[in-house]
Amino acid sequence: MNWKRITRTTHRWASVVFTLAVVANFAVMSQGQPPVWVSMLPLPPLFVMFVTGAYLFVLPYLNKPSAGQLAD
């Protein structure tokens with residue numbers, strides 16, 4: 001299983017869901033005071049994006065060889 005590919009795909013789809021949730025939030029807010037759950041709708045995909053984004057950010061640093069390995 002290729003974790004990099006799965007993480008990258010999950011991150012991309014979470015960003016699509018997050019964008020749609022934010023657009024829906026603004027659309028509902030323009031109609032008046034929305035229910036609380038509508039305001040919380042973008043939070044689950046945002047959390048997924050945070051976790052996968054942090055992993056993707058650190059990934060290049062985890063794959064770098066150390067100085068000792070370069071000398072061998």
# chains A, B, ... in the order shown; residues from 1 in each chain; ligands from 1
>>> residues_around(residues="Lys4 of chain A", least_positions_apart="6", cutoff="10 Å", atoms="only C-alpha atoms", output="list in words")
Thr10, Thr52, Tyr55, Leu56 and Leu59 of chain A
>>> select_by_dssp(residues="chain A", states="helix (DSSP H, G or I)", output="ChimeraX atom specification")
/A:3-29,36-40,43-62,67-71
>>> write_last_selection(atoms="C-alpha atoms", output="compact mmCIF listing (two decimals), in the first residue's frame")
# COMPACT_ATOMS: atom_id res chain seq x y z
CA TRP A 3 0.67 5.69 2.01
CA LYS A 4 1.97 8.81 0.26
CA ARG A 5 -0.54 8.42 -2.55
CA ILE A 6 -3.45 7.61 -0.23
CA THR A 7 -2.61 10.59 1.99
CA ARG A 8 -2.30 12.94 -0.97
CA THR A 9 -5.61 11.76 -2.45
CA THR A 10 -7.35 12.06 0.92
CA HIS A 11 -5.97 15.57 1.34
CA ARG A 12 -7.24 16.61 -2.10
CA TRP A 13 -10.73 15.22 -1.55
CA ALA A 14 -10.92 16.74 1.92
CA SER A 15 -10.10 20.13 0.39
CA VAL A 16 -12.96 19.71 -2.10
CA VAL A 17 -15.39 18.79 0.69
CA PHE A 18 -14.10 21.68 2.83
CA THR A 19 -14.60 24.17 -0.01
CA LEU A 20 -18.14 22.95 -0.63
CA ALA A 21 -18.92 23.14 3.09
CA VAL A 22 -17.67 26.74 3.29
CA VAL A 23 -19.69 27.74 0.21
CA ALA A 24 -22.77 26.08 1.71
CA ASN A 25 -22.10 27.87 4.99
CA PHE A 26 -22.01 31.27 3.28
CA ALA A 27 -25.14 30.45 1.27
CA VAL A 28 -27.08 29.49 4.39
CA MET A 29 -25.77 32.48 6.35
CA VAL A 36 -25.18 25.71 14.79
CA TRP A 37 -24.48 22.48 12.89
CA VAL A 38 -24.16 24.43 9.63
CA SER A 39 -21.42 26.55 11.16
CA MET A 40 -19.61 23.41 12.31
CA LEU A 43 -14.59 21.50 10.76
CA PRO A 44 -14.30 17.72 10.10
CA PRO A 45 -12.71 18.12 6.64
CA LEU A 46 -10.53 20.90 8.04
CA PHE A 47 -9.21 18.51 10.71
CA VAL A 48 -8.51 15.86 8.04
CA MET A 49 -6.69 18.47 5.97
CA PHE A 50 -4.62 19.50 8.98
CA VAL A 51 -3.50 15.95 9.74
CA THR A 52 -2.77 14.96 6.14
CA GLY A 53 -1.17 18.33 5.37
CA ALA A 54 1.14 18.07 8.37
CA TYR A 55 2.17 14.58 7.26
CA LEU A 56 2.78 15.74 3.69
CA PHE A 57 4.77 18.71 4.98
CA VAL A 58 7.06 16.54 7.12
CA LEU A 59 7.40 13.76 4.54
CA PRO A 60 10.40 15.21 2.62
CA TYR A 61 12.32 15.65 5.87
CA LEU A 62 11.67 12.05 6.91
CA ALA A 67 25.00 12.83 7.20
CA GLY A 68 26.41 9.46 8.30
CA GLN A 69 24.63 7.64 5.51
CA LEU A 70 25.99 10.04 2.89
CA ALA A 71 29.62 9.37 3.94
